[in-house]
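**Q** One structure, as structure tokens, below. Some questions next.
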Amino acid sequence: MAGSRKGSCRPIEILLVEDNPGDVHLTKEALKEGKVVNNLQTVGDGEEAMAYLRRQGPYTQATRPDLILLDLNLPKKGGREVLAEIKEDPDLRRIPVVILTVSEAEQDIIKSYNLHANCYITKPVNLEQFMEVVQSIENFWLTVVMLPPR
Amino acid sequence: MHGLLLIIAVAALVQLLAAFCALRLIRITGGRTAWVLIAGALCLMALRRGIKLWRLATGDLSDPPDLFDDGLTLAISLAMLAAVLWIPPLFLTIQRAAETLRQAKDNLEIKVAERTVALQDVNIRLSVELDERRRAERVLAQYAEDLKRSNAELEQFAYVASHDLQEPLRMVASFTQLLAKRYQGKLDQDADDFIGFAVEGANRMQVLINDLLAFSRVGTRGKPFAAVDCEAVLSHALANLTTILQETGAVVTRDPLPTVRADEVQLGQLFQNLLANALKFQGPDPPRVHLAAQQQGDEWIFSVQDNGIGIAPEHQERIFTIFQRLHRREEFPGTGLGLALCKKIAERHGGRIWVKSAPGRGSTFYFSIPGGKEDGRESQGKLPAH
């Protein structure tokens, strides 16, 4: 199978790049209620994210993710830099990157799409809406979309 | 013979007199040489007359007397005397005139000098005043600049503060909601109440922060003005209010509205806030709201009239101040930012906002937007919205 959608027994790998433990928890809650079997890995800053994706340092055994959920405001290396590096890397650029941030600033949206973000989502303030958004990300990217093979 | 002698004698005397007068003139006129010569000539002429007289008296007639010649000599002598006598007064007159002229000239020069000094004083004063004025203008421009910057900073601060407040608030709200979702009814009544209060507080704060963000965005995130069809803007605002319109059974009517130069989004907020207030502060009857626009001078006056509870005269000013509320939350919910936002939007457009109302008699909110007749009523004659 070319795609990872149908016939895949293995769980979907998701990398969440998020420094706020609260958001990590909420995302986990939302994904737990979702329909797709998934493996959520979390890293807390941009440098860790790049190390994870390149299997460097403590992440030599890391699994290549099917989807990246990326916050923009991160310590050390910002989300924009991480996005730029992923999209410049011929090996990593195929992985869909969903920007999940609080920023509604037009310049952040434009910048992210210019850097080839696959979509841009602002975190809803309301819990129910947040759950719905995370589940619709899961639903769209992991069941509707045909993803490239790993 | 004796007559002739007398003539010669008189002529000689006259010539002597004239010579004397001429010598006197030296003192008055100062023209020494000329007058000495004239006096000398006259003396010589008088001497000649004297010699002739002496010869005649001694009977020497080698030079016979001639009446015409001696008469002419006498006449000339008289004329010369007259001339010599007449010159000094004339000279004095001229001299006096010259003196007067000189004095006048001197006076004029003094006056010119005085005026020049006065003018210089005035010039100095003027330049000092000009400097002071320029300095004052600079200070004023500086103040204006400072004020503008301070306002911009304040707006930026409000924007950043409310934006950054969102993040921790999202945590509080989300996790209290999660608590409610997971543990409601599983603990005791107190716990349910506490969770309820926390959820409600977080929700209210979210509304407040959103309103604050909207308020600070009027200045910082405003769009440039363009021609805006108020009919379309109002229709959009009404569409956003569909639910509350249906719930209250409100009837909204409108006169034809003009096209004005405005920030479309902000004008929409202005309409929507005023409409929402008209529906919220409902009286005993279902809300009836009427919108109209009238041109007055070089501005459009928009009005939103309702049949709601009305506002007491003493509160009609302060309702436009930020965070000012007239009712308890249980009576009417709200953050106290709606009308402050309306005021800020109206003022950003160069307009004003005010209200005419009486308790129990409904309210009419007015706001003005500058706009000449050339803006036209492009959408005249449309039917009422509802």
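Lettering and numbering for the structure tokens are positional, with chains as A, B, ... in the shown order, residues counted from 1 in each chain, and ligands counted from 1 in the shown order.
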For Ala30 (chain A), please output as a PyMOL selection string all residues within 10 Å (counting only C-alpha atoms; exclusion window: fewer than 3 positions along the same chain).

**A** chain A and resi 24-27+33-34+127-128+130-135+138

**Q** Between chain A and chain B, at 7 Å or less, what are the per-residue closest atom pairs and their distances in Å? Count only C-alpha atoms, order by chain and rising residue number, and return it as CSV.

**A**
residue,atom,partner,partner_atom,distance
A:Gly22,CA,B:Met171,CA,6.4
A:Val125,CA,B:Arg170,CA,5.1
A:Asn126,CA,B:Ser174,CA,6.3
A:Leu127,CA,B:Ser174,CA,4.7

**Q** Hey, can you check how far CA of Ala97 (chain B) sits from CA of Ala83 (chain B)?

**A**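 That distance, rounded to one decimal, is 20.4 Å.
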
**Q** Could you find all residues in region 3-150 of chain A that DSSP calls strand (DSSP E or B) from the backbone, and write them as a PDB file with all heavy atoms, in the first residue's frame?

**A**
ATOM      1  N   ILE A  12      -1.058   5.198  14.285  1.00  0.00           N
ATOM      2  CA  ILE A  12      -0.584   6.430  13.654  1.00  0.00           C
ATOM      3  C   ILE A  12       0.348   7.153  14.609  1.00  0.00           C
ATOM      4  O   ILE A  12       0.064   7.260  15.797  1.00  0.00           O
ATOM      5  CB  ILE A  12      -1.796   7.329  13.306  1.00  0.00           C
ATOM      6  CG1 ILE A  12      -2.623   6.702  12.182  1.00  0.00           C
ATOM      7  CG2 ILE A  12      -1.356   8.732  12.942  1.00  0.00           C
ATOM      8  CD1 ILE A  12      -1.907   6.576  10.871  1.00  0.00           C
ATOM      9  N   GLU A  13       1.477   7.597  14.068  1.00  0.00           N
ATOM     10  CA  GLU A  13       2.455   8.317  14.906  1.00  0.00           C
ATOM     11  C   GLU A  13       2.243   9.826  14.788  1.00  0.00           C
ATOM     12  O   GLU A  13       2.234  10.382  13.683  1.00  0.00           O
ATOM     13  CB  GLU A  13       3.884   7.978  14.450  1.00  0.00           C
ATOM     14  CG  GLU A  13       4.294   6.545  14.689  1.00  0.00           C
ATOM     15  CD  GLU A  13       4.469   6.213  16.171  1.00  0.00           C
ATOM     16  OE1 GLU A  13       4.787   7.140  16.947  1.00  0.00           O
ATOM     17  OE2 GLU A  13       4.284   5.032  16.538  1.00  0.00           O
ATOM     18  N   ILE A  14       2.052  10.464  15.919  1.00  0.00           N
ATOM     19  CA  ILE A  14       1.895  11.924  15.922  1.00  0.00           C
ATOM     20  C   ILE A  14       2.979  12.538  16.802  1.00  0.00           C
ATOM     21  O   ILE A  14       3.216  12.066  17.917  1.00  0.00           O
ATOM     22  CB  ILE A  14       0.506  12.343  16.467  1.00  0.00           C
ATOM     23  CG1 ILE A  14      -0.618  11.727  15.618  1.00  0.00           C
ATOM     24  CG2 ILE A  14       0.370  13.867  16.481  1.00  0.00           C
ATOM     25  CD1 ILE A  14      -2.003  11.920  16.194  1.00  0.00           C
ATOM     26  N   LEU A  15       3.639  13.580  16.295  1.00  0.00           N
ATOM     27  CA  LEU A  15       4.607  14.304  17.124  1.00  0.00           C
ATOM     28  C   LEU A  15       3.994  15.657  17.505  1.00  0.00           C
ATOM     29  O   LEU A  15       3.644  16.459  16.627  1.00  0.00           O
ATOM     30  CB  LEU A  15       5.920  14.530  16.368  1.00  0.00           C
ATOM     31  CG  LEU A  15       6.947  15.389  17.110  1.00  0.00           C
ATOM     32  CD1 LEU A  15       7.430  14.696  18.388  1.00  0.00           C
ATOM     33  CD2 LEU A  15       8.131  15.751  16.214  1.00  0.00           C
ATOM     34  N   LEU A  16       3.883  15.863  18.803  1.00  0.00           N
ATOM     35  CA  LEU A  16       3.352  17.137  19.276  1.00  0.00           C
ATOM     36  C   LEU A  16       4.522  17.980  19.794  1.00  0.00           C
ATOM     37  O   LEU A  16       5.229  17.561  20.713  1.00  0.00           O
ATOM     38  CB  LEU A  16       2.317  16.895  20.386  1.00  0.00           C
ATOM     39  CG  LEU A  16       1.784  18.131  21.102  1.00  0.00           C
ATOM     40  CD1 LEU A  16       0.973  19.016  20.160  1.00  0.00           C
ATOM     41  CD2 LEU A  16       0.924  17.732  22.303  1.00  0.00           C
ATOM     42  N   VAL A  17       4.722  19.150  19.183  1.00  0.00           N
ATOM     43  CA  VAL A  17       5.782  20.050  19.643  1.00  0.00           C
ATOM     44  C   VAL A  17       5.096  21.178  20.412  1.00  0.00           C
ATOM     45  O   VAL A  17       4.494  22.074  19.820  1.00  0.00           O
ATOM     46  CB  VAL A  17       6.603  20.618  18.471  1.00  0.00           C
ATOM     47  CG1 VAL A  17       7.835  21.351  19.002  1.00  0.00           C
ATOM     48  CG2 VAL A  17       7.013  19.515  17.515  1.00  0.00           C
ATOM     49  N   ASN A  38      -3.637   5.929  17.984  1.00  0.00           N
ATOM     50  CA  ASN A  38      -2.469   6.764  17.710  1.00  0.00           C
ATOM     51  C   ASN A  38      -1.440   6.685  18.821  1.00  0.00           C
ATOM     52  O   ASN A  38      -1.726   6.325  19.948  1.00  0.00           O
ATOM     53  CB  ASN A  38      -2.901   8.208  17.496  1.00  0.00           C
ATOM     54  CG  ASN A  38      -3.638   8.751  18.712  1.00  0.00           C
ATOM     55  OD1 ASN A  38      -3.046   8.962  19.765  1.00  0.00           O
ATOM     56  ND2 ASN A  38      -4.948   8.940  18.576  1.00  0.00           N
ATOM     57  N   ASN A  39      -0.257   7.029  18.435  1.00  0.00           N
ATOM     58  CA  ASN A  39       0.863   7.095  19.353  1.00  0.00           C
ATOM     59  C   ASN A  39       1.307   8.547  19.411  1.00  0.00           C
ATOM     60  O   ASN A  39       1.826   9.078  18.437  1.00  0.00           O
ATOM     61  CB  ASN A  39       2.017   6.245  18.810  1.00  0.00           C
ATOM     62  CG  ASN A  39       2.323   5.099  19.744  1.00  0.00           C
ATOM     63  OD1 ASN A  39       1.995   5.154  20.935  1.00  0.00           O
ATOM     64  ND2 ASN A  39       2.947   4.065  19.203  1.00  0.00           N
ATOM     65  N   LEU A  40       1.087   9.188  20.530  1.00  0.00           N
ATOM     66  CA  LEU A  40       1.456  10.600  20.607  1.00  0.00           C
ATOM     67  C   LEU A  40       2.800  10.762  21.299  1.00  0.00           C
ATOM     68  O   LEU A  40       2.988  10.323  22.425  1.00  0.00           O
ATOM     69  CB  LEU A  40       0.374  11.385  21.369  1.00  0.00           C
ATOM     70  CG  LEU A  40       0.598  12.895  21.450  1.00  0.00           C
ATOM     71  CD1 LEU A  40       0.320  13.562  20.115  1.00  0.00           C
ATOM     72  CD2 LEU A  40      -0.269  13.511  22.534  1.00  0.00           C
ATOM     73  N   GLN A  41       3.747  11.344  20.602  1.00  0.00           N
ATOM     74  CA  GLN A  41       5.040  11.673  21.202  1.00  0.00           C
ATOM     75  C   GLN A  41       5.086  13.177  21.414  1.00  0.00           C
ATOM     76  O   GLN A  41       4.599  13.933  20.571  1.00  0.00           O
ATOM     77  CB  GLN A  41       6.188  11.258  20.277  1.00  0.00           C
ATOM     78  CG  GLN A  41       6.226   9.770  19.952  1.00  0.00           C
ATOM     79  CD  GLN A  41       6.456   8.900  21.181  1.00  0.00           C
ATOM     80  OE1 GLN A  41       7.127   9.312  22.142  1.00  0.00           O
ATOM     81  NE2 GLN A  41       5.876   7.700  21.192  1.00  0.00           N
ATOM     82  N   THR A  42       5.678  13.593  22.537  1.00  0.00           N
ATOM     83  CA  THR A  42       5.714  15.020  22.816  1.00  0.00           C
ATOM     84  C   THR A  42       7.145  15.503  23.040  1.00  0.00           C
ATOM     85  O   THR A  42       7.929  14.854  23.737  1.00  0.00           O
ATOM     86  CB  THR A  42       4.897  15.333  24.087  1.00  0.00           C
ATOM     87  OG1 THR A  42       3.632  14.701  23.956  1.00  0.00           O
ATOM     88  CG2 THR A  42       4.696  16.819  24.237  1.00  0.00           C
ATOM     89  N   VAL A  43       7.457  16.649  22.432  1.00  0.00           N
ATOM     90  CA  VAL A  43       8.721  17.326  22.742  1.00  0.00           C
ATOM     91  C   VAL A  43       8.393  18.768  23.129  1.00  0.00           C
ATOM     92  O   VAL A  43       7.399  19.335  22.664  1.00  0.00           O
ATOM     93  CB  VAL A  43       9.727  17.308  21.567  1.00  0.00           C
ATOM     94  CG1 VAL A  43      10.292  15.922  21.380  1.00  0.00           C
ATOM     95  CG2 VAL A  43       9.076  17.821  20.292  1.00  0.00           C
ATOM     96  N   LEU A  67       2.408  12.718  11.334  1.00  0.00           N
ATOM     97  CA  LEU A  67       1.834  14.064  11.393  1.00  0.00           C
ATOM     98  C   LEU A  67       2.534  14.838  12.502  1.00  0.00           C
ATOM     99  O   LEU A  67       2.852  14.276  13.550  1.00  0.00           O
ATOM    100  CB  LEU A  67       0.320  13.963  11.694  1.00  0.00           C
ATOM    101  CG  LEU A  67      -0.476  15.257  11.794  1.00  0.00           C
ATOM    102  CD1 LEU A  67      -0.636  15.887  10.406  1.00  0.00           C
ATOM    103  CD2 LEU A  67      -1.850  14.997  12.406  1.00  0.00           C
ATOM    104  N   ILE A  68       2.789  16.120  12.258  1.00  0.00           N
ATOM    105  CA  ILE A  68       3.421  16.951  13.292  1.00  0.00           C
ATOM    106  C   ILE A  68       2.443  18.058  13.688  1.00  0.00           C
ATOM    107  O   ILE A  68       1.920  18.780  12.826  1.00  0.00           O
ATOM    108  CB  ILE A  68       4.736  17.574  12.780  1.00  0.00           C
ATOM    109  CG1 ILE A  68       5.740  16.471  12.400  1.00  0.00           C
ATOM    110  CG2 ILE A  68       5.342  18.508  13.840  1.00  0.00           C
ATOM    111  CD1 ILE A  68       6.949  16.972  11.641  1.00  0.00           C
ATOM    112  N   LEU A  69       2.178  18.166  14.980  1.00  0.00           N
ATOM    113  CA  LEU A  69       1.389  19.285  15.498  1.00  0.00           C
ATOM    114  C   LEU A  69       2.390  20.260  16.115  1.00  0.00           C
ATOM    115  O   LEU A  69       3.086  19.921  17.071  1.00  0.00           O
ATOM    116  CB  LEU A  69       0.390  18.822  16.564  1.00  0.00           C
ATOM    117  CG  LEU A  69      -0.602  17.737  16.135  1.00  0.00           C
ATOM    118  CD1 LEU A  69      -1.504  17.354  17.314  1.00  0.00           C
ATOM    119  CD2 LEU A  69      -1.457  18.217  14.965  1.00  0.00           C
ATOM    120  N   LEU A  70       2.490  21.467  15.556  1.00  0.00           N
ATOM    121  CA  LEU A  70       3.565  22.384  15.930  1.00  0.00           C
ATOM    122  C   LEU A  70       3.020  23.692  16.499  1.00  0.00           C
ATOM    123  O   LEU A  70       2.236  24.389  15.843  1.00  0.00           O
ATOM    124  CB  LEU A  70       4.428  22.668  14.687  1.00  0.00           C
ATOM    125  CG  LEU A  70       5.611  23.618  14.830  1.00  0.00           C
ATOM    126  CD1 LEU A  70       6.644  23.068  15.803  1.00  0.00           C
ATOM    127  CD2 LEU A  70       6.242  23.880  13.463  1.00  0.00           C
ATOM    128  N   VAL A  97       2.634  19.211   8.420  1.00  0.00           N
ATOM    129  CA  VAL A  97       2.814  19.985   9.653  1.00  0.00           C
ATOM    130  C   VAL A  97       1.570  20.848   9.879  1.00  0.00           C
ATOM    131  O   VAL A  97       1.205  21.664   9.043  1.00  0.00           O
ATOM    132  CB  VAL A  97       4.065  20.893   9.584  1.00  0.00           C
ATOM    133  CG1 VAL A  97       4.211  21.699  10.872  1.00  0.00           C
ATOM    134  CG2 VAL A  97       5.311  20.058   9.322  1.00  0.00           C
ATOM    135  N   VAL A  98       0.932  20.602  11.011  1.00  0.00           N
ATOM    136  CA  VAL A  98      -0.246  21.397  11.381  1.00  0.00           C
ATOM    137  C   VAL A  98       0.198  22.404  12.441  1.00  0.00           C
ATOM    138  O   VAL A  98       0.683  22.014  13.494  1.00  0.00           O
ATOM    139  CB  VAL A  98      -1.361  20.493  11.943  1.00  0.00           C
ATOM    140  CG1 VAL A  98      -2.515  21.329  12.473  1.00  0.00           C
ATOM    141  CG2 VAL A  98      -1.835  19.517  10.880  1.00  0.00           C
ATOM    142  N   ILE A  99       0.076  23.692  12.107  1.00  0.00           N
ATOM    143  CA  ILE A  99       0.410  24.730  13.095  1.00  0.00           C
ATOM    144  C   ILE A  99      -0.780  24.857  14.051  1.00  0.00           C
ATOM    145  O   ILE A  99      -1.910  25.087  13.619  1.00  0.00           O
ATOM    146  CB  ILE A  99       0.681  26.083  12.410  1.00  0.00           C
ATOM    147  CG1 ILE A  99       1.785  25.959  11.357  1.00  0.00           C
ATOM    148  CG2 ILE A  99       1.012  27.145  13.452  1.00  0.00           C
ATOM    149  CD1 ILE A  99       3.147  25.632  11.913  1.00  0.00           C
ATOM    150  N   LEU A 100      -0.499  24.676  15.351  1.00  0.00           N
ATOM    151  CA  LEU A 100      -1.558  24.749  16.356  1.00  0.00           C
ATOM    152  C   LEU A 100      -1.101  25.766  17.399  1.00  0.00           C
ATOM    153  O   LEU A 100      -0.222  25.485  18.206  1.00  0.00           O
ATOM    154  CB  LEU A 100      -1.746  23.367  16.986  1.00  0.00           C
ATOM    155  CG  LEU A 100      -2.999  23.134  17.828  1.00  0.00           C
ATOM    156  CD1 LEU A 100      -4.258  23.422  17.037  1.00  0.00           C
ATOM    157  CD2 LEU A 100      -3.021  21.709  18.362  1.00  0.00           C
ATOM    158  N   THR A 101      -1.666  26.971  17.322  1.00  0.00           N
ATOM    159  CA  THR A 101      -1.132  28.067  18.131  1.00  0.00           C
ATOM    160  C   THR A 101      -2.252  28.959  18.662  1.00  0.00           C
ATOM    161  O   THR A 101      -3.392  28.854  18.216  1.00  0.00           O
ATOM    162  CB  THR A 101      -0.148  28.907  17.285  1.00  0.00           C
ATOM    163  OG1 THR A 101       0.317  29.994  18.064  1.00  0.00           O
ATOM    164  CG2 THR A 101      -0.812  29.448  16.033  1.00  0.00           C
ATOM    165  N   CYS A 119      -1.363  23.279   7.357  1.00  0.00           N
ATOM    166  CA  CYS A 119      -2.532  24.074   7.725  1.00  0.00           C
ATOM    167  C   CYS A 119      -2.255  24.836   9.018  1.00  0.00           C
ATOM    168  O   CYS A 119      -1.291  24.548   9.725  1.00  0.00           O
ATOM    169  CB  CYS A 119      -3.818  23.253   7.805  1.00  0.00           C
ATOM    170  SG  CYS A 119      -3.891  22.148   9.198  1.00  0.00           S
ATOM    171  N   TYR A 120      -3.072  25.814   9.246  1.00  0.00           N
ATOM    172  CA  TYR A 120      -2.854  26.715  10.381  1.00  0.00           C
ATOM    173  C   TYR A 120      -4.136  26.754  11.210  1.00  0.00           C
ATOM    174  O   TYR A 120      -5.205  27.080  10.697  1.00  0.00           O
ATOM    175  CB  TYR A 120      -2.516  28.112   9.854  1.00  0.00           C
ATOM    176  CG  TYR A 120      -2.095  29.110  10.923  1.00  0.00           C
ATOM    177  CD1 TYR A 120      -0.759  29.468  11.073  1.00  0.00           C
ATOM    178  CD2 TYR A 120      -3.035  29.701  11.763  1.00  0.00           C
ATOM    179  CE1 TYR A 120      -0.363  30.379  12.033  1.00  0.00           C
ATOM    180  CE2 TYR A 120      -2.644  30.619  12.730  1.00  0.00           C
ATOM    181  CZ  TYR A 120      -1.317  30.958  12.860  1.00  0.00           C
ATOM    182  OH  TYR A 120      -0.929  31.860  13.799  1.00  0.00           O
ATOM    183  N   ILE A 121      -4.021  26.408  12.471  1.00  0.00           N
ATOM    184  CA  ILE A 121      -5.210  26.363  13.329  1.00  0.00           C
ATOM    185  C   ILE A 121      -4.938  27.139  14.612  1.00  0.00           C
ATOM    186  O   ILE A 121      -3.869  26.988  15.212  1.00  0.00           O
ATOM    187  CB  ILE A 121      -5.584  24.903  13.654  1.00  0.00           C
ATOM    188  CG1 ILE A 121      -6.059  24.183  12.380  1.00  0.00           C
ATOM    189  CG2 ILE A 121      -6.678  24.833  14.727  1.00  0.00           C
ATOM    190  CD1 ILE A 121      -6.153  22.687  12.519  1.00  0.00           C
ATOM    191  N   THR A 122      -5.870  28.013  15.006  1.00  0.00           N
ATOM    192  CA  THR A 122      -5.721  28.686  16.296  1.00  0.00           C
ATOM    193  C   THR A 122      -6.435  27.857  17.352  1.00  0.00           C
ATOM    194  O   THR A 122      -7.541  27.354  17.133  1.00  0.00           O
ATOM    195  CB  THR A 122      -6.293  30.107  16.284  1.00  0.00           C
ATOM    196  OG1 THR A 122      -7.613  30.060  15.774  1.00  0.00           O
ATOM    197  CG2 THR A 122      -5.443  31.034  15.446  1.00  0.00           C
TER     198      THR A 122
END

**Q** Between CA of Asn240 (chain B) and CA of Gln269 (chain B), measure the distance and give it in Å to one decimal.

**A**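 For CA of Asn240 (chain B) relative to CA of Gln269 (chain B), the distance reads 10.3 Å.
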
**Q** Would you pick out the contacts of Gly57 (chain A) at 10 Å or less, using only C-alpha atoms, so that residues sharing its chain but fewer than 5 positions from it are not included, and give the list as a list of chain:residue names?

**A**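 Listing them by chain and then by number gives A:Glu48, A:Ala51, A:Tyr52.
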
**Q** Just asking: which residues within region 299-344 of chain B are alpha helix (DSSP H) according to DSSP, as JSON, numbers by chain?

**A** {"B": [338, 339, 340, 341, 342, 343, 344]}
